[in-house]
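Participant: Here it is, the structure, as structure tokens.
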Amino acid sequence: MLAITDTEFEQIKKIMYARTGVFLKPSKKQLVVTRLRKRLEQLDLEQFQEYIHLLEKNQGDELEFFINALTTNETYFFRHTKQFNYLYEKILPELKSKPGREIRIWCAACSTGEEPYSVAITCQEFFRHNPGGRYSIYASDVNSDVLSFARTGQYLERSFKETPPNLTTRYFSQTENVAKVRKEFVIKQNLKKNIRFMQHNLLKPFAEKKIDVIFLRNVMIYFDNDSKSKVVNNLISSLSPGGYIMISLSESLNDVSSPLTNIFSGVYKL
């Protein structure tokens, strides 16, 4: 039976931390075994030390597979609904009051895409009732697999547990999979056209600047203080003056030195 020693786990931790800033706690030791077991079998490797040597030599595809395997991606549409309400009721009206400019939003850990599509729906609904404005959304993640999934815009019913039925009808087309066992929903093209998906590592500065709103939710919990500070500084460097950063309701930036002010649940303003 495949097992990982404490020394091997420490080596895996160091590689993951160096590449992504994600700190694997001791409680994640079994998760590492579970997520990587099949890959070692595919490579005909009998020990984790052999796989570690491969990671240390490989600068491309295997490291990407490794990162994809160990990053957690579980989400659904309109997660933390109160923050989307705040975006609709407070932030978008403020940004729209500045004439002649496009509203720019970045979902910095977009996972399988439910968050940026929820943001797009919120913007569409806002401008449907308040005509005269433009927006664009950047959606990034370090995990290339979830980005590929997000680009398809195709989801099962479980992703809609917080989505009002009228929005599902307005912005999704319903289909059935081949076996006709479960319903599937596909984002309509007029919503997808405002979203640009891209791979990005949060430890590095983002290419786009003058962003009005940044979503980075349920991610800070995976960083230690050093990585967290670096990530927050990178976010701020892309933020417009007076811009907003949204983190999850269970996270905080109180332990990071920054010019951000907490103004609502999980919402900070520059």
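By convention in this document, the chains of the structure tokens carry letters A, B, ... by their order, each chain's residues are numbered from 1, and ligands are numbered from 1 in the order they are shown.
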Can you list, as a PDB file with C-alpha atoms, in the first residue's frame, all residues belonging to range 72-260 of chain A that DSSP tags as strand (DSSP E or B)?
Facilitator:
ATOM      1  CA  ILE A 103     -16.255  48.652 -14.805  1.00  0.00           C
ATOM      2  CA  ARG A 104     -13.463  46.092 -14.406  1.00  0.00           C
ATOM      3  CA  ILE A 105     -13.794  43.097 -12.080  1.00  0.00           C
ATOM      4  CA  TRP A 106     -11.276  40.329 -11.372  1.00  0.00           C
ATOM      5  CA  CYS A 107     -12.190  36.947  -9.890  1.00  0.00           C
ATOM      6  CA  TYR A 135     -18.196  45.903 -17.706  1.00  0.00           C
ATOM      7  CA  SER A 136     -15.520  43.283 -18.211  1.00  0.00           C
ATOM      8  CA  ILE A 137     -14.519  40.386 -15.976  1.00  0.00           C
ATOM      9  CA  TYR A 138     -11.128  38.712 -15.666  1.00  0.00           C
ATOM     10  CA  ALA A 139     -11.290  35.204 -14.212  1.00  0.00           C
ATOM     11  CA  SER A 140      -8.053  33.494 -13.212  1.00  0.00           C
ATOM     12  CA  ASP A 141      -6.875  30.408 -11.369  1.00  0.00           C
ATOM     13  CA  GLN A 154     -21.753  23.765 -18.299  1.00  0.00           C
ATOM     14  CA  TYR A 155     -23.006  22.834 -14.813  1.00  0.00           C
ATOM     15  CA  LEU A 156     -25.130  20.335 -12.909  1.00  0.00           C
ATOM     16  CA  PHE A 172     -28.794  29.299 -18.782  1.00  0.00           C
ATOM     17  CA  SER A 173     -30.012  26.811 -21.361  1.00  0.00           C
ATOM     18  CA  GLN A 174     -31.097  23.471 -19.943  1.00  0.00           C
ATOM     19  CA  THR A 175     -29.937  20.229 -21.527  1.00  0.00           C
ATOM     20  CA  GLU A 176     -29.800  16.548 -20.608  1.00  0.00           C
ATOM     21  CA  LYS A 183     -30.094  17.904 -15.821  1.00  0.00           C
ATOM     22  CA  GLU A 184     -27.295  20.092 -17.104  1.00  0.00           C
ATOM     23  CA  PHE A 185     -27.285  23.845 -17.587  1.00  0.00           C
ATOM     24  CA  VAL A 186     -25.157  25.820 -20.050  1.00  0.00           C
ATOM     25  CA  ILE A 187     -24.329  29.521 -19.747  1.00  0.00           C
ATOM     26  CA  ILE A 195     -15.489  37.109 -19.256  1.00  0.00           C
ATOM     27  CA  ARG A 196     -11.854  36.381 -20.045  1.00  0.00           C
ATOM     28  CA  PHE A 197     -10.401  33.250 -18.414  1.00  0.00           C
ATOM     29  CA  MET A 198      -6.637  32.986 -17.841  1.00  0.00           C
ATOM     30  CA  GLN A 199      -4.129  31.039 -15.768  1.00  0.00           C
ATOM     31  CA  ILE A 211      -9.332  46.884 -11.465  1.00  0.00           C
ATOM     32  CA  ASP A 212     -12.424  48.182  -9.635  1.00  0.00           C
ATOM     33  CA  VAL A 213     -13.423  45.030  -7.721  1.00  0.00           C
ATOM     34  CA  ILE A 214     -11.372  41.936  -6.892  1.00  0.00           C
ATOM     35  CA  PHE A 215     -12.933  38.728  -5.597  1.00  0.00           C
ATOM     36  CA  PHE A 223      -1.720  30.848   2.921  1.00  0.00           C
ATOM     37  CA  LEU A 239      -6.576  47.856  -7.785  1.00  0.00           C
ATOM     38  CA  SER A 240      -7.877  51.282  -8.794  1.00  0.00           C
ATOM     39  CA  PRO A 241      -7.879  53.988  -6.075  1.00  0.00           C
ATOM     40  CA  GLY A 242     -11.077  53.479  -4.089  1.00  0.00           C
ATOM     41  CA  GLY A 243     -11.385  49.919  -5.415  1.00  0.00           C
ATOM     42  CA  TYR A 244     -12.758  46.945  -3.531  1.00  0.00           C
ATOM     43  CA  ILE A 245     -11.469  43.521  -2.479  1.00  0.00           C
ATOM     44  CA  MET A 246     -13.911  40.798  -1.417  1.00  0.00           C
TER      45      MET A 246
END
Participant: So that I can check the secondary structure, give me every residue of range 61-248 of chain A assigned helix (DSSP H, G or I) by backbone DSSP, as a PyMOL selection string.
Facilitator: chain A and resi 61-70+81-96+114-129+144-152+157-160+165-171+189-192+220-222+225-238
Participant: Write the residues of the selection above to a file with C-alpha atoms, as a tab-separated table (two decimals), in the first residue's frame.
Facilitator:
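The resulting file, out_16.tsv, is shown below:
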chain	number	residue	atom	x	y	z
A	61	ASP	CA	3.65	19.46	-17.33
A	62	GLU	CA	4.19	17.35	-14.20
A	63	LEU	CA	4.36	20.38	-11.92
A	64	GLU	CA	1.12	21.60	-13.45
A	65	PHE	CA	-0.52	18.23	-12.82
A	66	PHE	CA	0.80	18.28	-9.24
A	67	ILE	CA	-0.63	21.74	-8.55
A	68	ASN	CA	-3.96	20.84	-10.16
A	69	ALA	CA	-4.24	17.70	-8.04
A	70	LEU	CA	-3.60	19.45	-4.72
A	81	THR	CA	-25.23	35.90	-1.46
A	82	LYS	CA	-24.98	39.00	0.76
A	83	GLN	CA	-21.77	40.01	-1.01
A	84	PHE	CA	-23.43	39.85	-4.43
A	85	ASN	CA	-26.26	41.94	-3.01
A	86	TYR	CA	-23.69	44.46	-1.80
A	87	LEU	CA	-22.09	44.51	-5.24
A	88	TYR	CA	-25.48	45.19	-6.83
A	89	GLU	CA	-26.81	47.70	-4.30
A	90	LYS	CA	-23.68	49.67	-3.31
A	91	ILE	CA	-20.64	49.10	-5.50
A	92	LEU	CA	-22.10	49.04	-9.00
A	93	PRO	CA	-24.15	52.24	-8.50
A	94	GLU	CA	-21.04	54.00	-7.24
A	95	LEU	CA	-18.95	52.83	-10.18
A	96	LYS	CA	-21.66	53.63	-12.72
A	114	GLU	CA	-19.42	29.74	-10.78
A	115	GLU	CA	-18.11	32.93	-9.17
A	116	PRO	CA	-17.28	34.94	-12.34
A	117	TYR	CA	-20.53	33.86	-13.95
A	118	SER	CA	-22.39	34.97	-10.80
A	119	VAL	CA	-20.62	38.33	-11.03
A	120	ALA	CA	-21.56	38.60	-14.70
A	121	ILE	CA	-25.21	37.83	-13.92
A	122	THR	CA	-25.17	40.47	-11.18
A	123	CYS	CA	-23.77	43.03	-13.61
A	124	GLN	CA	-26.24	42.07	-16.34
A	125	GLU	CA	-29.15	42.42	-13.93
A	126	PHE	CA	-27.88	45.76	-12.69
A	127	PHE	CA	-27.50	47.22	-16.18
A	128	ARG	CA	-30.82	45.71	-17.24
A	129	HIS	CA	-32.46	47.94	-14.63
A	144	SER	CA	-5.54	24.74	-15.54
A	145	ASP	CA	-8.08	21.90	-15.23
A	146	VAL	CA	-10.73	24.01	-13.52
A	147	LEU	CA	-10.17	26.81	-16.04
A	148	SER	CA	-10.91	24.39	-18.88
A	149	PHE	CA	-14.10	23.37	-17.10
A	150	ALA	CA	-15.09	26.99	-16.46
A	151	ARG	CA	-14.71	27.91	-20.12
A	152	THR	CA	-17.34	25.33	-21.08
A	157	GLU	CA	-28.04	21.16	-10.60
A	158	ARG	CA	-25.91	21.06	-7.45
A	159	SER	CA	-24.22	24.33	-8.49
A	160	PHE	CA	-27.56	26.20	-8.33
A	165	PRO	CA	-34.97	30.22	-10.53
A	166	ASN	CA	-35.68	33.27	-12.69
A	167	LEU	CA	-31.94	33.91	-13.11
A	168	THR	CA	-31.32	30.27	-14.03
A	169	THR	CA	-33.99	30.55	-16.73
A	170	ARG	CA	-32.70	33.89	-18.03
A	171	TYR	CA	-29.01	33.07	-18.26
A	189	GLN	CA	-23.25	33.11	-24.97
A	190	ASN	CA	-24.28	36.71	-24.30
A	191	LEU	CA	-23.06	36.27	-20.71
A	192	LYS	CA	-19.81	34.47	-21.56
A	220	MET	CA	-6.58	33.15	2.17
A	221	ILE	CA	-7.05	30.24	4.57
A	222	TYR	CA	-4.50	28.26	2.55
A	225	ASN	CA	1.29	35.14	6.80
A	226	ASP	CA	4.20	35.68	4.40
A	227	SER	CA	2.32	34.37	1.37
A	228	LYS	CA	-0.84	36.18	2.43
A	229	SER	CA	0.99	39.51	2.61
A	230	LYS	CA	2.56	38.96	-0.80
A	231	VAL	CA	-0.80	38.05	-2.35
A	232	VAL	CA	-2.58	41.06	-0.83
A	233	ASN	CA	0.15	43.41	-2.05
A	234	ASN	CA	-0.19	41.95	-5.54
A	235	LEU	CA	-3.95	42.50	-5.42
A	236	ILE	CA	-3.55	46.10	-4.27
A	237	SER	CA	-1.08	46.79	-7.09
A	238	SER	CA	-3.84	45.94	-9.59
Participant: Hey, can you check how far CA of Leu253 in chain A sits from CA of Gly266 in chain A?
Facilitator: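 So the two atoms, CA of Leu253 in chain A and CA of Gly266 in chain A, lie 8.9 Å apart.
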Participant: Provide the CA of Thr75 in chain A to CA of Pro164 in chain A distance in Å, to one decimal place.
Facilitator: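 One can read the CA of Thr75 in chain A to CA of Pro164 in chain A distance as 16.4 Å.
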Participant: When you draw a straight line from CA of Asn218 in chain A to CA of Ser248 in chain A, how long is it in Å?
Facilitator: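 A separation of 5.4 Å between them.
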Participant: What's around Ile15 in chain A at 12 Å? Count only C-alpha atoms, leave out sequence neighbours fewer than 6 positions away in its own chain, and write the answer as a CSV table (one decimal) with N, CA and C atoms, in the first residue's frame.
Facilitator:
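Below is the file out29.csv, written as the result:
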chain,number,residue,atom,x,y,z
A,8,GLU,N,9.0,12.9,3.3
A,8,GLU,CA,8.4,13.1,2.0
A,8,GLU,C,7.3,14.1,2.0
A,9,PHE,N,6.5,14.1,3.0
A,9,PHE,CA,5.4,15.1,3.1
A,9,PHE,C,6.0,16.5,3.2
A,21,GLY,N,2.5,29.2,-2.9
A,21,GLY,CA,2.2,29.9,-1.6
A,21,GLY,C,1.3,29.2,-0.7
A,22,VAL,N,0.7,28.1,-1.2
A,22,VAL,CA,-0.3,27.3,-0.4
A,22,VAL,C,0.5,26.5,0.6
A,23,PHE,N,0.1,26.6,1.9
A,23,PHE,CA,0.7,25.9,3.0
A,23,PHE,C,-0.1,24.7,3.4
A,24,LEU,N,0.5,23.5,3.1
A,24,LEU,CA,-0.2,22.2,3.5
A,24,LEU,C,0.0,21.9,4.9
A,51,TYR,N,8.6,10.2,-7.0
A,51,TYR,CA,7.8,11.3,-7.6
A,51,TYR,C,8.4,12.7,-7.3
A,52,ILE,N,8.9,12.8,-6.1
A,52,ILE,CA,9.5,14.1,-5.7
A,52,ILE,C,10.7,14.4,-6.6
A,53,HIS,N,11.5,13.4,-6.9
A,53,HIS,CA,12.7,13.6,-7.8
A,53,HIS,C,12.2,14.0,-9.1
A,54,LEU,N,11.1,13.5,-9.6
A,54,LEU,CA,10.5,13.8,-10.9
A,54,LEU,C,10.0,15.3,-10.9
A,55,LEU,N,9.4,15.7,-9.8
A,55,LEU,CA,8.9,17.1,-9.7
A,55,LEU,C,10.1,18.1,-9.7
A,56,GLU,N,11.2,17.7,-9.0
A,56,GLU,CA,12.3,18.6,-8.9
A,56,GLU,C,13.0,18.7,-10.2
A,57,LYS,N,12.9,17.7,-11.1
A,57,LYS,CA,13.6,17.8,-12.4
A,57,LYS,C,12.6,18.5,-13.5
A,58,ASN,N,11.3,18.3,-13.3
A,58,ASN,CA,10.4,18.7,-14.3
A,58,ASN,C,9.9,20.1,-14.0
A,59,GLN,N,10.0,21.0,-15.0
A,59,GLN,CA,9.6,22.4,-14.8
A,59,GLN,C,8.3,22.7,-15.6
A,63,LEU,N,4.6,19.4,-13.0
A,63,LEU,CA,4.4,20.4,-11.9
A,63,LEU,C,2.9,20.9,-12.0
A,64,GLU,N,2.5,21.1,-13.2
A,64,GLU,CA,1.1,21.6,-13.5
A,64,GLU,C,0.1,20.6,-13.0
A,66,PHE,N,0.6,18.3,-10.7
A,66,PHE,CA,0.8,18.3,-9.2
A,66,PHE,C,0.0,19.4,-8.6
A,67,ILE,N,0.1,20.6,-9.1
A,67,ILE,CA,-0.6,21.7,-8.5
A,67,ILE,C,-2.1,21.5,-8.7
A,70,LEU,N,-3.6,19.1,-6.1
A,70,LEU,CA,-3.6,19.4,-4.7
A,70,LEU,C,-4.3,20.7,-4.4
Participant: Restricting the calculation to only C-alpha atoms, which member of A:Asn254, A:Asn194, A:Ser265, A:Thr71 is positioned closest to Asn143 in chain A?
Facilitator: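 Closest to Asn143 in chain A of all the choices is A:Thr71.
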